[in-house]
file model_35.txt (compact mmCIF, C-alpha atoms and all ligand atoms)
# COMPACT_ATOMS: atom_id res chain seq x y z
CA VAL A 88 67.47 -8.86 60.76
CA PRO A 89 70.67 -9.32 62.72
CA ARG A 90 69.73 -10.56 66.18
CA LEU A 91 71.72 -7.87 67.87
CA ASN A 92 71.06 -7.25 71.50
CA TYR A 93 71.89 -4.16 73.48
CA SER A 94 74.63 -5.87 75.51
CA THR A 95 76.48 -6.81 72.31
CA ILE A 96 76.33 -3.21 71.14
CA LYS A 97 77.61 -2.08 74.54
CA VAL A 98 80.58 -4.44 74.30
CA ASN A 99 81.42 -3.29 70.78
CA THR A 100 81.01 0.46 71.12
CA GLN A 101 83.95 2.81 71.48
CA ASN A 102 81.69 5.52 72.81
CA GLY A 103 80.96 6.34 76.46
CA VAL A 104 77.60 7.92 75.67
CA THR A 105 76.42 4.68 74.02
CA LYS A 106 77.39 2.73 77.14
CA ARG A 107 75.48 5.15 79.38
CA LEU A 108 72.45 4.97 77.12
CA ILE A 109 72.38 1.17 77.00
CA ASP A 110 72.78 0.98 80.78
CA ILE A 111 69.69 3.18 81.13
CA MET A 112 67.75 1.12 78.57
CA GLU A 113 68.56 -2.12 80.35
CA GLN A 114 67.87 -0.77 83.85
CA LYS A 115 64.54 0.80 82.90
CA GLN A 116 63.70 -1.84 80.28
CA THR A 117 62.80 0.77 77.72
CA ASN A 118 63.77 1.55 74.15
CA LEU A 119 61.56 4.61 73.98
CA CYS A 120 62.78 8.06 72.98
CA CYS A 121 60.04 10.63 73.48
CA SER A 122 60.14 13.44 70.95
CA ALA A 123 58.95 16.36 73.05
CA ASP A 124 57.89 18.67 70.24
CA VAL A 125 55.82 21.09 72.30
CA GLY A 126 56.11 24.87 72.06
CA THR A 127 56.76 26.25 75.54
CA LYS A 128 58.98 25.67 78.57
CA ALA A 129 56.01 24.85 80.78
CA LYS A 130 54.69 22.22 78.38
CA LEU A 131 58.11 20.69 77.86
CA LEU A 132 58.83 20.40 81.59
CA GLN A 133 55.37 18.99 82.28
CA LEU A 134 55.80 16.36 79.54
CA ALA A 135 59.32 15.43 80.65
CA GLN A 136 58.08 15.00 84.21
CA GLU A 137 55.20 12.77 83.11
CA VAL A 138 57.01 10.50 80.65
CA GLY A 139 60.36 10.50 82.50
CA PRO A 140 59.91 7.11 84.21
CA TYR A 141 59.21 5.33 80.91
CA ILE A 142 61.83 6.74 78.54
CA ALA A 143 65.53 6.29 77.88
CA VAL A 144 65.87 9.55 75.94
CA LEU A 145 64.04 12.88 75.74
CA LYS A 146 64.41 14.45 72.30
CA THR A 147 63.96 18.18 71.80
CA HIS A 148 63.90 20.86 69.12
CA MET A 149 64.90 23.77 71.34
CA ASP A 150 64.61 26.33 68.53
CA SER A 151 60.86 25.63 68.58
CA ILE A 152 60.43 26.55 72.26
CA GLU A 153 59.16 30.13 72.17
CA ASP A 154 60.36 31.09 75.68
CA PHE A 155 63.60 29.05 75.72
CA ASP A 156 66.18 30.06 78.32
CA GLN A 157 68.97 28.43 80.33
CA GLU A 158 66.65 27.90 83.29
CA LEU A 159 64.78 25.39 81.13
CA VAL A 160 68.02 23.50 80.55
CA ILE A 161 68.78 23.41 84.27
CA GLU A 162 65.32 22.08 85.09
CA LEU A 163 65.47 19.48 82.31
CA GLN A 164 68.85 18.30 83.56
CA ALA A 165 67.37 17.85 87.02
CA LEU A 166 64.51 15.79 85.57
CA ALA A 167 66.96 13.77 83.47
CA LYS A 168 68.91 12.98 86.61
CA ARG A 169 65.85 12.17 88.72
CA HIS A 170 64.26 9.86 86.14
CA ASN A 171 67.50 8.66 84.53
CA PHE A 172 67.22 9.59 80.86
CA LEU A 173 69.47 11.32 78.31
CA LEU A 174 68.87 14.68 76.61
CA PHE A 175 68.90 14.60 72.82
CA GLU A 176 68.81 17.86 70.85
CA ASP A 177 67.62 16.93 67.37
CA ARG A 178 69.36 19.90 65.75
CA LYS A 179 70.14 18.12 62.48
CA PHE A 180 73.27 20.15 61.78
CA ALA A 181 73.79 20.27 58.03
CA ASP A 182 76.24 23.03 57.08
CA ILE A 183 79.97 23.25 56.41
CA GLY A 184 82.27 22.37 59.29
CA HIS A 185 83.10 25.92 60.30
CA ILE A 186 79.43 26.83 60.69
CA VAL A 187 78.23 23.67 62.46
CA GLN A 188 80.93 24.24 65.10
CA GLN A 189 79.53 27.72 65.76
CA GLN A 190 75.95 26.48 65.80
CA PHE A 191 76.85 23.70 68.22
CA LYS A 192 78.28 26.13 70.79
CA ALA A 193 76.47 29.43 70.27
CA ALA A 194 74.09 31.10 72.72
CA PRO A 195 71.27 31.12 73.48
CA TYR A 196 71.02 27.34 73.06
CA CYS A 197 74.63 26.39 73.97
CA ILE A 198 73.81 22.84 72.85
CA ALA A 199 77.32 21.53 73.47
CA ASP A 200 76.99 22.39 77.17
CA TRP A 201 74.01 20.21 77.98
CA ALA A 202 73.03 17.77 75.21
CA ASP A 203 74.03 14.11 75.54
CA LEU A 204 73.07 13.41 71.92
CA ILE A 205 72.72 15.49 68.74
CA THR A 206 71.83 14.71 65.14
CA VAL A 207 73.90 15.63 62.10
CA HIS A 208 73.09 15.36 58.40
CA VAL A 209 75.96 14.29 56.17
CA VAL A 210 74.69 15.99 53.03
CA ALA A 211 77.88 18.11 53.21
CA GLY A 212 79.96 14.98 53.70
CA ALA A 213 82.01 13.59 56.59
CA SER A 214 83.43 17.06 57.21
CA SER A 215 80.35 18.03 59.26
CA VAL A 216 80.97 15.07 61.57
CA ASP A 217 84.69 15.87 61.77
CA ALA A 218 83.95 19.44 62.77
CA LEU A 219 81.44 18.52 65.48
CA LYS A 220 83.67 15.73 66.74
CA GLN A 221 86.32 18.05 68.15
CA ILE A 222 83.80 19.70 70.47
CA ALA A 223 81.67 16.61 71.08
CA LEU A 224 84.57 14.56 72.47
CA GLN A 225 85.50 17.34 74.90
CA LYS A 226 81.91 17.76 76.03
CA ASN A 227 80.85 14.10 76.07
CA VAL A 228 78.19 14.49 73.40
CA GLY A 229 77.31 11.58 71.11
CA LEU A 230 76.57 12.16 67.43
CA ILE A 231 73.73 10.50 65.54
CA VAL A 232 74.06 10.52 61.76
CA VAL A 233 70.80 11.01 59.83
CA ALA A 234 71.13 8.33 57.15
CA GLN A 235 67.55 7.97 55.96
CA MET A 236 64.47 10.09 56.61
CA SER A 237 60.92 8.98 57.32
CA THR A 238 59.09 11.18 54.84
CA VAL A 239 57.25 9.78 51.84
CA ASP A 240 59.29 11.87 49.40
CA THR A 241 62.68 11.79 51.12
CA LEU A 242 65.80 12.38 49.01
CA THR A 243 67.81 9.93 51.12
CA SER A 244 68.14 7.29 48.42
CA ARG A 245 69.68 3.89 48.97
CA GLU A 246 73.02 5.18 47.69
CA TYR A 247 72.92 8.18 50.02
CA MET A 248 71.97 6.01 52.96
CA LYS A 249 74.82 3.58 52.35
CA LYS A 250 77.33 6.41 52.25
CA ALA A 251 75.88 7.96 55.38
CA LEU A 252 76.12 4.61 57.21
CA ALA A 253 79.74 4.31 56.09
CA ILE A 254 80.53 7.75 57.56
CA ALA A 255 78.92 6.69 60.85
CA GLN A 256 81.00 3.51 60.88
CA ASP A 257 84.21 5.41 60.20
CA GLN A 258 83.62 7.78 63.10
CA GLN A 259 82.60 5.39 65.86
CA GLU A 260 84.70 7.14 68.44
CA VAL A 261 82.11 9.94 68.50
CA VAL A 262 79.09 8.46 66.68
CA VAL A 263 76.48 6.67 68.80
CA GLY A 264 74.29 5.58 65.93
CA VAL A 265 72.14 6.52 62.99
CA VAL A 266 68.63 7.67 62.25
CA SER A 267 67.18 5.35 59.65
CA GLN A 268 64.05 3.46 58.70
CA ASN A 269 65.09 0.11 57.36
CA LYS A 270 68.82 -0.29 57.31
CA ARG A 271 71.13 -0.66 60.27
CA PRO A 272 74.88 -0.18 60.28
CA ARG A 273 76.89 -3.34 59.71
CA ASP A 274 79.06 -2.71 62.75
CA ALA A 275 77.79 -4.05 66.05
CA GLY A 276 78.75 -0.93 68.00
CA LEU A 277 76.15 1.45 66.60
CA LEU A 278 72.49 2.03 67.53
CA MET A 279 69.61 2.46 65.09
CA PHE A 280 67.13 5.21 66.05
CA THR A 281 63.83 5.23 64.17
CA PRO A 282 61.20 7.99 64.00
CA GLY A 283 57.86 7.77 62.21
CA ILE A 284 56.49 5.39 64.86
CA LYS A 285 52.89 5.34 66.06
CA LEU A 286 50.66 2.60 67.44
CA GLY A 287 47.93 3.53 65.00
CA GLY A 288 50.22 3.71 61.95
CA GLY A 289 49.09 6.08 59.17
CA SER A 290 50.56 9.40 58.14
CA ASP A 291 50.14 13.15 58.64
CA ASN A 292 49.29 15.55 55.82
CA LEU A 293 52.87 16.86 55.52
CA GLY A 294 54.80 13.81 54.40
CA GLN A 295 55.37 11.98 57.67
CA GLN A 296 54.62 8.24 57.51
CA TYR A 297 54.14 6.00 60.55
CA ASN A 298 54.90 2.37 61.29
CA HIS A 299 53.81 0.26 64.24
CA PRO A 300 56.56 -0.27 66.86
CA THR A 301 56.24 -4.06 66.79
CA GLU A 302 56.94 -4.17 63.07
CA ALA A 303 59.87 -1.81 63.45
CA PHE A 304 61.58 -3.81 66.23
CA GLU A 305 60.81 -7.31 65.02
CA LYS A 306 61.07 -6.97 61.25
CA ARG A 307 63.46 -4.08 60.74
CA GLY A 308 65.56 -4.64 63.83
CA ILE A 309 65.56 -1.06 65.14
CA ASP A 310 67.08 -0.30 68.56
CA LEU A 311 65.21 2.80 69.73
CA MET A 312 61.86 4.17 68.62
CA ILE A 313 61.30 7.92 68.47
CA VAL A 314 57.68 8.81 69.25
CA GLY A 315 56.35 12.37 69.21
CA ARG A 316 52.69 13.04 68.49
CA GLY A 317 51.77 9.47 69.42
CA ILE A 318 52.59 10.46 73.01
CA TYR A 319 52.32 14.22 73.54
CA GLN A 320 49.06 14.64 71.62
CA ASP A 321 47.41 11.98 73.73
CA GLU A 322 45.22 13.08 76.60
CA GLN A 323 47.34 11.02 78.98
CA PRO A 324 50.96 11.15 77.83
CA ALA A 325 52.26 9.22 80.85
CA GLN A 326 49.95 6.28 80.21
CA LYS A 327 50.75 6.37 76.50
CA ALA A 328 54.49 6.41 77.17
CA ALA A 329 54.06 3.43 79.50
CA GLU A 330 52.22 1.61 76.71
CA TYR A 331 54.90 2.35 74.10
CA ARG A 332 57.56 1.24 76.56
CA LYS A 333 55.83 -2.10 77.08
CA VAL A 334 55.14 -2.74 73.38
CA GLY A 335 58.68 -1.72 72.36
CA TRP A 336 60.42 -3.79 75.02
CA GLU A 337 58.37 -6.89 74.33
CA ALA A 338 59.02 -6.59 70.59
CA TYR A 339 62.76 -6.23 71.28
CA LEU A 340 62.79 -9.35 73.47
CA LYS A 341 60.84 -11.27 70.88
CA ARG A 342 63.30 -10.60 68.09
CA LEU A 343 66.28 -11.88 70.09
N1 LIG B 401 62.29 12.99 62.63
C1 LIG B 401 61.37 12.41 61.77
N2 LIG B 401 61.83 11.76 60.66
C2 LIG B 401 63.15 11.69 60.38
C3 LIG B 401 64.04 12.29 61.26
N3 LIG B 401 63.58 12.92 62.35
O1 LIG B 401 60.14 12.46 61.99
O2 LIG B 401 63.52 11.06 59.38
C4 LIG B 401 61.90 13.67 63.90
C5 LIG B 401 61.06 14.92 63.72
C6 LIG B 401 60.15 14.89 64.94
C7 LIG B 401 60.04 13.41 65.31
O3 LIG B 401 61.91 16.04 63.70
O4 LIG B 401 60.79 15.56 66.03
O5 LIG B 401 61.16 12.77 64.72
C8 LIG B 401 58.78 12.71 64.83
O6 LIG B 401 57.64 13.24 65.42
P1 LIG B 401 56.19 12.56 65.27
O7 LIG B 401 56.26 11.24 65.99
O8 LIG B 401 55.30 13.54 65.97
O9 LIG B 401 55.87 12.43 63.81

call {"tool": "encode", "arguments": {"input": "model_35.txt", "output": "structure tokens"}}
result
Amino acid sequence: VPRLNYSTIKVNTQNGVTKRLIDIMEQKQTNLCCSADVGTKAKLLQLAQEVGPYIAVLKTHMDSIEDFDQELVIELQALAKRHNFLLFEDRKFADIGHIVQQQFKAAPYCIADWADLITVHVVAGASSVDALKQIALQKNVGLIVVAQMSTVDTLTSREYMKKALAIAQDQQEVVVGVVSQNKRPRDAGLLMFTPGIKLGGGSDNLGQQYNHPTEAFEKRGIDLMIVGRGIYQDEQPAQKAAEYRKVGWEAYLKRL
């Protein structure tokens, strides 16, 4: 594992969003991204309010919020400002360039207007990144390339992953990092985001597999952990988020 620290990444990045994110991580001493996969506005706002102090990033799937509207966005932005975290819409854009541009901007979600981070698959090639880049640079949105998925039967083979990492490295002006499980980009300016993290480990019955945060930070050298059900399905999400924050930060310090 390369003993990369966040300050080195900050020095090497060409991307303003990465710098903002690392500043937040260092100030709040957290490498936790909470995946807020709840189904309503009320639940999302409640969760964001509770975990806000402990997270660097709040990740959403807005197309799963049954009563989504722009008021939700305004309230989330206020919480993001109050607690100092970024908003990450995990849209996983995957289509041809012309279509991903439309999906990035279109109502009702208007993702380009409020997201700080978005994910993009590169199954269609670098052209998806190119297409999103034009809008993302204007709107100050950072792209995260999905290089390798967490599922037991993922199709993101080693070959695929290597090519996806290469696309991320080629586009560092707009790319903040990658989603991957066990390989980080060679370049020191990119962040590695890793889902499939849970203190208890295990799996669900739909292909998701979990690793312990300590193992992920110390052995695989990840930079941010993405935790969903491990936090929001707990009876006390705030306490759980605080616990993940502590475990993740200590594991990061230990690997340095
Ligand atoms: N996610 C994965 N695996 C990937 C990429 N993304 O689980 O390879 C996302 C899911 C979900 C979150 O879309 O929002 O990370 C994981 O949630 P969980 O912790 O509840 O399993």

call {"tool": "closest_residue", "arguments": {"input": "model_35.txt", "among": "A:Thr100, A:Gln259, A:Ser215, A:Thr147", "to": "ligand LIG 401 (chain B)", "atoms": "all atoms listed in the file"}}
result
A:Thr147

call {"tool": "residues_around", "arguments": {"input": "model_35.txt", "residues": "Ser94 (chain A)", "least_positions_apart": "4", "cutoff": "9 Å", "atoms": "only C-alpha atoms", "output": "VMD selection string"}}
result
chain A and resid 98 to 99 109 to 110 113

call {"tool": "closest_residue", "arguments": {"input": "model_35.txt", "among": "A:Val262, A:Glu137, A:Phe172, A:Val125", "to": "Glu153 (chain A)", "atoms": "all atoms listed in the file"}}
result
A:Val125

call {"tool": "residues_near_ligand", "arguments": {"input": "model_35.txt", "ligand": "ligand LIG 401 (chain B)", "cutoff": "9 Å", "atoms": "only C-alpha atoms and all ligand atoms", "output": "PyMOL selection string"}}
result
chain A and resi 121-124+146-148+177-179+206+233-238+241+266-268+281-285+290-291+295-297+313-320

call {"tool": "atom_distance", "arguments": {"input": "model_35.txt", "atom1": "CA of Ala328 (chain A)", "atom2": "CA of Ser151 (chain A)"}}
result
22.0 Å

call {"tool": "atom_distance", "arguments": {"input": "model_35.txt", "atom1": "CA of Leu134 (chain A)", "atom2": "CA of Arg169 (chain A)"}}
result
14.2 Å

call {"tool": "residues_around", "arguments": {"input": "model_35.txt", "residues": "Ala167 (chain A)", "least_positions_apart": "2", "cutoff": "12 Å", "atoms": "all atoms listed in the file", "output": "PDB file with C-alpha atoms, keeping the file's coordinate frame"}}
result
ATOM      1  CA  ILE A 111      69.690   3.180  81.130  1.00  0.00           C
ATOM      2  CA  LEU A 132      58.830  20.400  81.590  1.00  0.00           C
ATOM      3  CA  ALA A 135      59.320  15.430  80.650  1.00  0.00           C
ATOM      4  CA  GLN A 136      58.080  15.000  84.210  1.00  0.00           C
ATOM      5  CA  GLU A 137      55.200  12.770  83.110  1.00  0.00           C
ATOM      6  CA  VAL A 138      57.010  10.500  80.650  1.00  0.00           C
ATOM      7  CA  GLY A 139      60.360  10.500  82.500  1.00  0.00           C
ATOM      8  CA  PRO A 140      59.910   7.110  84.210  1.00  0.00           C
ATOM      9  CA  TYR A 141      59.210   5.330  80.910  1.00  0.00           C
ATOM     10  CA  ILE A 142      61.830   6.740  78.540  1.00  0.00           C
ATOM     11  CA  ALA A 143      65.530   6.290  77.880  1.00  0.00           C
ATOM     12  CA  VAL A 144      65.870   9.550  75.940  1.00  0.00           C
ATOM     13  CA  LEU A 145      64.040  12.880  75.740  1.00  0.00           C
ATOM     14  CA  LYS A 146      64.410  14.450  72.300  1.00  0.00           C
ATOM     15  CA  VAL A 160      68.020  23.500  80.550  1.00  0.00           C
ATOM     16  CA  ILE A 161      68.780  23.410  84.270  1.00  0.00           C
ATOM     17  CA  GLU A 162      65.320  22.080  85.090  1.00  0.00           C
ATOM     18  CA  LEU A 163      65.470  19.480  82.310  1.00  0.00           C
ATOM     19  CA  GLN A 164      68.850  18.300  83.560  1.00  0.00           C
ATOM     20  CA  ALA A 165      67.370  17.850  87.020  1.00  0.00           C
ATOM     21  CA  ARG A 169      65.850  12.170  88.720  1.00  0.00           C
ATOM     22  CA  HIS A 170      64.260   9.860  86.140  1.00  0.00           C
ATOM     23  CA  ASN A 171      67.500   8.660  84.530  1.00  0.00           C
ATOM     24  CA  PHE A 172      67.220   9.590  80.860  1.00  0.00           C
ATOM     25  CA  LEU A 173      69.470  11.320  78.310  1.00  0.00           C
ATOM     26  CA  LEU A 174      68.870  14.680  76.610  1.00  0.00           C
ATOM     27  CA  PHE A 175      68.900  14.600  72.820  1.00  0.00           C
ATOM     28  CA  TRP A 201      74.010  20.210  77.980  1.00  0.00           C
ATOM     29  CA  ALA A 202      73.030  17.770  75.210  1.00  0.00           C
ATOM     30  CA  ASP A 203      74.030  14.110  75.540  1.00  0.00           C
TER      31      ASP A 203
END

call {"tool": "residues_near_point", "arguments": {"input": "model_35.txt", "point": "(82.9, 14.7, 62.6)", "cutoff": "9 Å", "atoms": "all atoms listed in the file", "output": "list in words"}}
result
Gly184, Ala213, Ser214, Ser215, Val216, Asp217, Ala218, Leu219, Lys220, Gln221, Ala223, Leu230, Ile254, Gln258, Val261 and Val262 of chain A

call {"tool": "atom_distance", "arguments": {"input": "model_35.txt", "atom1": "CA of Pro300 (chain A)", "atom2": "CA of Asn269 (chain A)"}}
result
12.8 Å

call {"tool": "closest_residue", "arguments": {"input": "model_35.txt", "among": "A:Lys128, A:Lys270, A:Val210, A:Ile222", "to": "Phe191 (chain A)", "atoms": "only C-alpha atoms"}}
result
A:Ile222

call {"tool": "closest_residue", "arguments": {"input": "model_35.txt", "among": "A:Tyr339, A:Phe155, A:Tyr247, A:Tyr93", "to": "Ala129 (chain A)", "atoms": "all atoms listed in the file"}}
result
A:Phe155

call {"tool": "closest_residue", "arguments": {"input": "model_35.txt", "among": "A:Leu159, A:Ala199, A:Gln116, A:Asp257", "to": "Gln133 (chain A)", "atoms": "only C-alpha atoms"}}
result
A:Leu159

call {"tool": "closest_residue", "arguments": {"input": "model_35.txt", "among": "A:Ala253, A:Ile309, A:Met149, A:Val104", "to": "Ala194 (chain A)", "atoms": "all atoms listed in the file"}}
result
A:Met149

call {"tool": "build_atoms", "arguments": {"input": "model_35.txt", "residues": "region 240-272 of chain A", "atoms": "N, CA and C atoms", "output": "PDB file, in the frame of the given file"}}
result
ATOM      1  N   ASP A 240      58.542  11.404  50.577  1.00  0.00           N
ATOM      2  CA  ASP A 240      59.290  11.870  49.400  1.00  0.00           C
ATOM      3  C   ASP A 240      60.752  12.195  49.740  1.00  0.00           C
ATOM      4  N   THR A 241      61.299  11.491  50.717  1.00  0.00           N
ATOM      5  CA  THR A 241      62.680  11.790  51.120  1.00  0.00           C
ATOM      6  C   THR A 241      63.678  11.655  49.973  1.00  0.00           C
ATOM      7  N   LEU A 242      64.732  12.467  50.015  1.00  0.00           N
ATOM      8  CA  LEU A 242      65.800  12.380  49.010  1.00  0.00           C
ATOM      9  C   LEU A 242      66.918  11.434  49.440  1.00  0.00           C
ATOM     10  N   THR A 243      66.775  10.846  50.641  1.00  0.00           N
ATOM     11  CA  THR A 243      67.810   9.930  51.120  1.00  0.00           C
ATOM     12  C   THR A 243      67.666   8.568  50.424  1.00  0.00           C
ATOM     13  N   SER A 244      68.201   8.511  49.235  1.00  0.00           N
ATOM     14  CA  SER A 244      68.140   7.290  48.420  1.00  0.00           C
ATOM     15  C   SER A 244      68.983   6.181  49.050  1.00  0.00           C
ATOM     16  N   ARG A 245      68.887   5.019  48.495  1.00  0.00           N
ATOM     17  CA  ARG A 245      69.680   3.890  48.970  1.00  0.00           C
ATOM     18  C   ARG A 245      71.184   4.192  48.934  1.00  0.00           C
ATOM     19  N   GLU A 246      71.607   4.811  47.845  1.00  0.00           N
ATOM     20  CA  GLU A 246      73.020   5.180  47.690  1.00  0.00           C
ATOM     21  C   GLU A 246      73.453   6.149  48.794  1.00  0.00           C
ATOM     22  N   TYR A 247      72.622   7.176  48.989  1.00  0.00           N
ATOM     23  CA  TYR A 247      72.920   8.180  50.020  1.00  0.00           C
ATOM     24  C   TYR A 247      73.015   7.512  51.379  1.00  0.00           C
ATOM     25  N   MET A 248      72.025   6.670  51.661  1.00  0.00           N
ATOM     26  CA  MET A 248      71.970   6.010  52.960  1.00  0.00           C
ATOM     27  C   MET A 248      73.219   5.165  53.205  1.00  0.00           C
ATOM     28  N   LYS A 249      73.639   4.435  52.187  1.00  0.00           N
ATOM     29  CA  LYS A 249      74.820   3.580  52.350  1.00  0.00           C
ATOM     30  C   LYS A 249      76.057   4.408  52.666  1.00  0.00           C
ATOM     31  N   LYS A 250      76.178   5.541  51.983  1.00  0.00           N
ATOM     32  CA  LYS A 250      77.330   6.410  52.250  1.00  0.00           C
ATOM     33  C   LYS A 250      77.258   7.028  53.634  1.00  0.00           C
ATOM     34  N   ALA A 251      76.050   7.381  54.045  1.00  0.00           N
ATOM     35  CA  ALA A 251      75.880   7.960  55.380  1.00  0.00           C
ATOM     36  C   ALA A 251      76.224   6.915  56.457  1.00  0.00           C
ATOM     37  N   LEU A 252      75.795   5.673  56.257  1.00  0.00           N
ATOM     38  CA  LEU A 252      76.120   4.610  57.210  1.00  0.00           C
ATOM     39  C   LEU A 252      77.625   4.390  57.274  1.00  0.00           C
ATOM     40  N   ALA A 253      78.274   4.500  56.125  1.00  0.00           N
ATOM     41  CA  ALA A 253      79.740   4.310  56.090  1.00  0.00           C
ATOM     42  C   ALA A 253      80.437   5.421  56.883  1.00  0.00           C
ATOM     43  N   ILE A 254      79.936   6.642  56.781  1.00  0.00           N
ATOM     44  CA  ILE A 254      80.530   7.750  57.560  1.00  0.00           C
ATOM     45  C   ILE A 254      80.357   7.474  59.054  1.00  0.00           C
ATOM     46  N   ALA A 255      79.167   7.010  59.437  1.00  0.00           N
ATOM     47  CA  ALA A 255      78.920   6.690  60.850  1.00  0.00           C
ATOM     48  C   ALA A 255      79.899   5.609  61.326  1.00  0.00           C
ATOM     49  N   GLN A 256      80.109   4.606  60.495  1.00  0.00           N
ATOM     50  CA  GLN A 256      81.000   3.510  60.880  1.00  0.00           C
ATOM     51  C   GLN A 256      82.450   3.951  61.006  1.00  0.00           C
ATOM     52  N   ASP A 257      82.835   4.901  60.150  1.00  0.00           N
ATOM     53  CA  ASP A 257      84.210   5.410  60.200  1.00  0.00           C
ATOM     54  C   ASP A 257      84.487   6.264  61.427  1.00  0.00           C
ATOM     55  N   GLN A 258      83.444   6.777  62.032  1.00  0.00           N
ATOM     56  CA  GLN A 258      83.620   7.780  63.100  1.00  0.00           C
ATOM     57  C   GLN A 258      83.060   7.274  64.423  1.00  0.00           C
ATOM     58  N   GLN A 259      83.261   5.988  64.696  1.00  0.00           N
ATOM     59  CA  GLN A 259      82.600   5.390  65.860  1.00  0.00           C
ATOM     60  C   GLN A 259      83.097   5.887  67.204  1.00  0.00           C
ATOM     61  N   GLU A 260      84.215   6.585  67.184  1.00  0.00           N
ATOM     62  CA  GLU A 260      84.700   7.140  68.440  1.00  0.00           C
ATOM     63  C   GLU A 260      83.681   8.155  68.978  1.00  0.00           C
ATOM     64  N   VAL A 261      83.033   8.871  68.068  1.00  0.00           N
ATOM     65  CA  VAL A 261      82.110   9.940  68.500  1.00  0.00           C
ATOM     66  C   VAL A 261      80.655   9.658  68.090  1.00  0.00           C
ATOM     67  N   VAL A 262      80.443   8.731  67.162  1.00  0.00           N
ATOM     68  CA  VAL A 262      79.090   8.460  66.680  1.00  0.00           C
ATOM     69  C   VAL A 262      78.437   7.335  67.493  1.00  0.00           C
ATOM     70  N   VAL A 263      77.237   7.618  67.989  1.00  0.00           N
ATOM     71  CA  VAL A 263      76.480   6.670  68.800  1.00  0.00           C
ATOM     72  C   VAL A 263      75.620   5.778  67.900  1.00  0.00           C
ATOM     73  N   GLY A 264      75.154   6.362  66.807  1.00  0.00           N
ATOM     74  CA  GLY A 264      74.290   5.580  65.930  1.00  0.00           C
ATOM     75  C   GLY A 264      73.775   6.394  64.775  1.00  0.00           C
ATOM     76  N   VAL A 265      72.716   5.875  64.173  1.00  0.00           N
ATOM     77  CA  VAL A 265      72.140   6.520  62.990  1.00  0.00           C
ATOM     78  C   VAL A 265      70.638   6.651  63.166  1.00  0.00           C
ATOM     79  N   VAL A 266      70.078   7.612  62.433  1.00  0.00           N
ATOM     80  CA  VAL A 266      68.630   7.670  62.250  1.00  0.00           C
ATOM     81  C   VAL A 266      68.346   7.023  60.913  1.00  0.00           C
ATOM     82  N   SER A 267      67.550   5.954  60.922  1.00  0.00           N
ATOM     83  CA  SER A 267      67.180   5.350  59.650  1.00  0.00           C
ATOM     84  C   SER A 267      65.909   4.528  59.815  1.00  0.00           C
ATOM     85  N   GLN A 268      65.327   4.166  58.707  1.00  0.00           N
ATOM     86  CA  GLN A 268      64.050   3.460  58.700  1.00  0.00           C
ATOM     87  C   GLN A 268      64.197   1.962  58.543  1.00  0.00           C
ATOM     88  N   ASN A 269      65.036   1.542  57.589  1.00  0.00           N
ATOM     89  CA  ASN A 269      65.090   0.110  57.360  1.00  0.00           C
ATOM     90  C   ASN A 269      66.464  -0.463  57.102  1.00  0.00           C
ATOM     91  N   LYS A 270      67.489   0.316  57.429  1.00  0.00           N
ATOM     92  CA  LYS A 270      68.820  -0.290  57.310  1.00  0.00           C
ATOM     93  C   LYS A 270      69.638   0.075  58.528  1.00  0.00           C
ATOM     94  N   ARG A 271      70.286  -0.937  59.117  1.00  0.00           N
ATOM     95  CA  ARG A 271      71.130  -0.660  60.270  1.00  0.00           C
ATOM     96  C   ARG A 271      72.588  -0.765  59.856  1.00  0.00           C
ATOM     97  N   PRO A 272      73.461  -0.085  60.610  1.00  0.00           N
ATOM     98  CA  PRO A 272      74.880  -0.180  60.280  1.00  0.00           C
ATOM     99  C   PRO A 272      75.376  -1.608  60.433  1.00  0.00           C
TER     100      PRO A 272
END
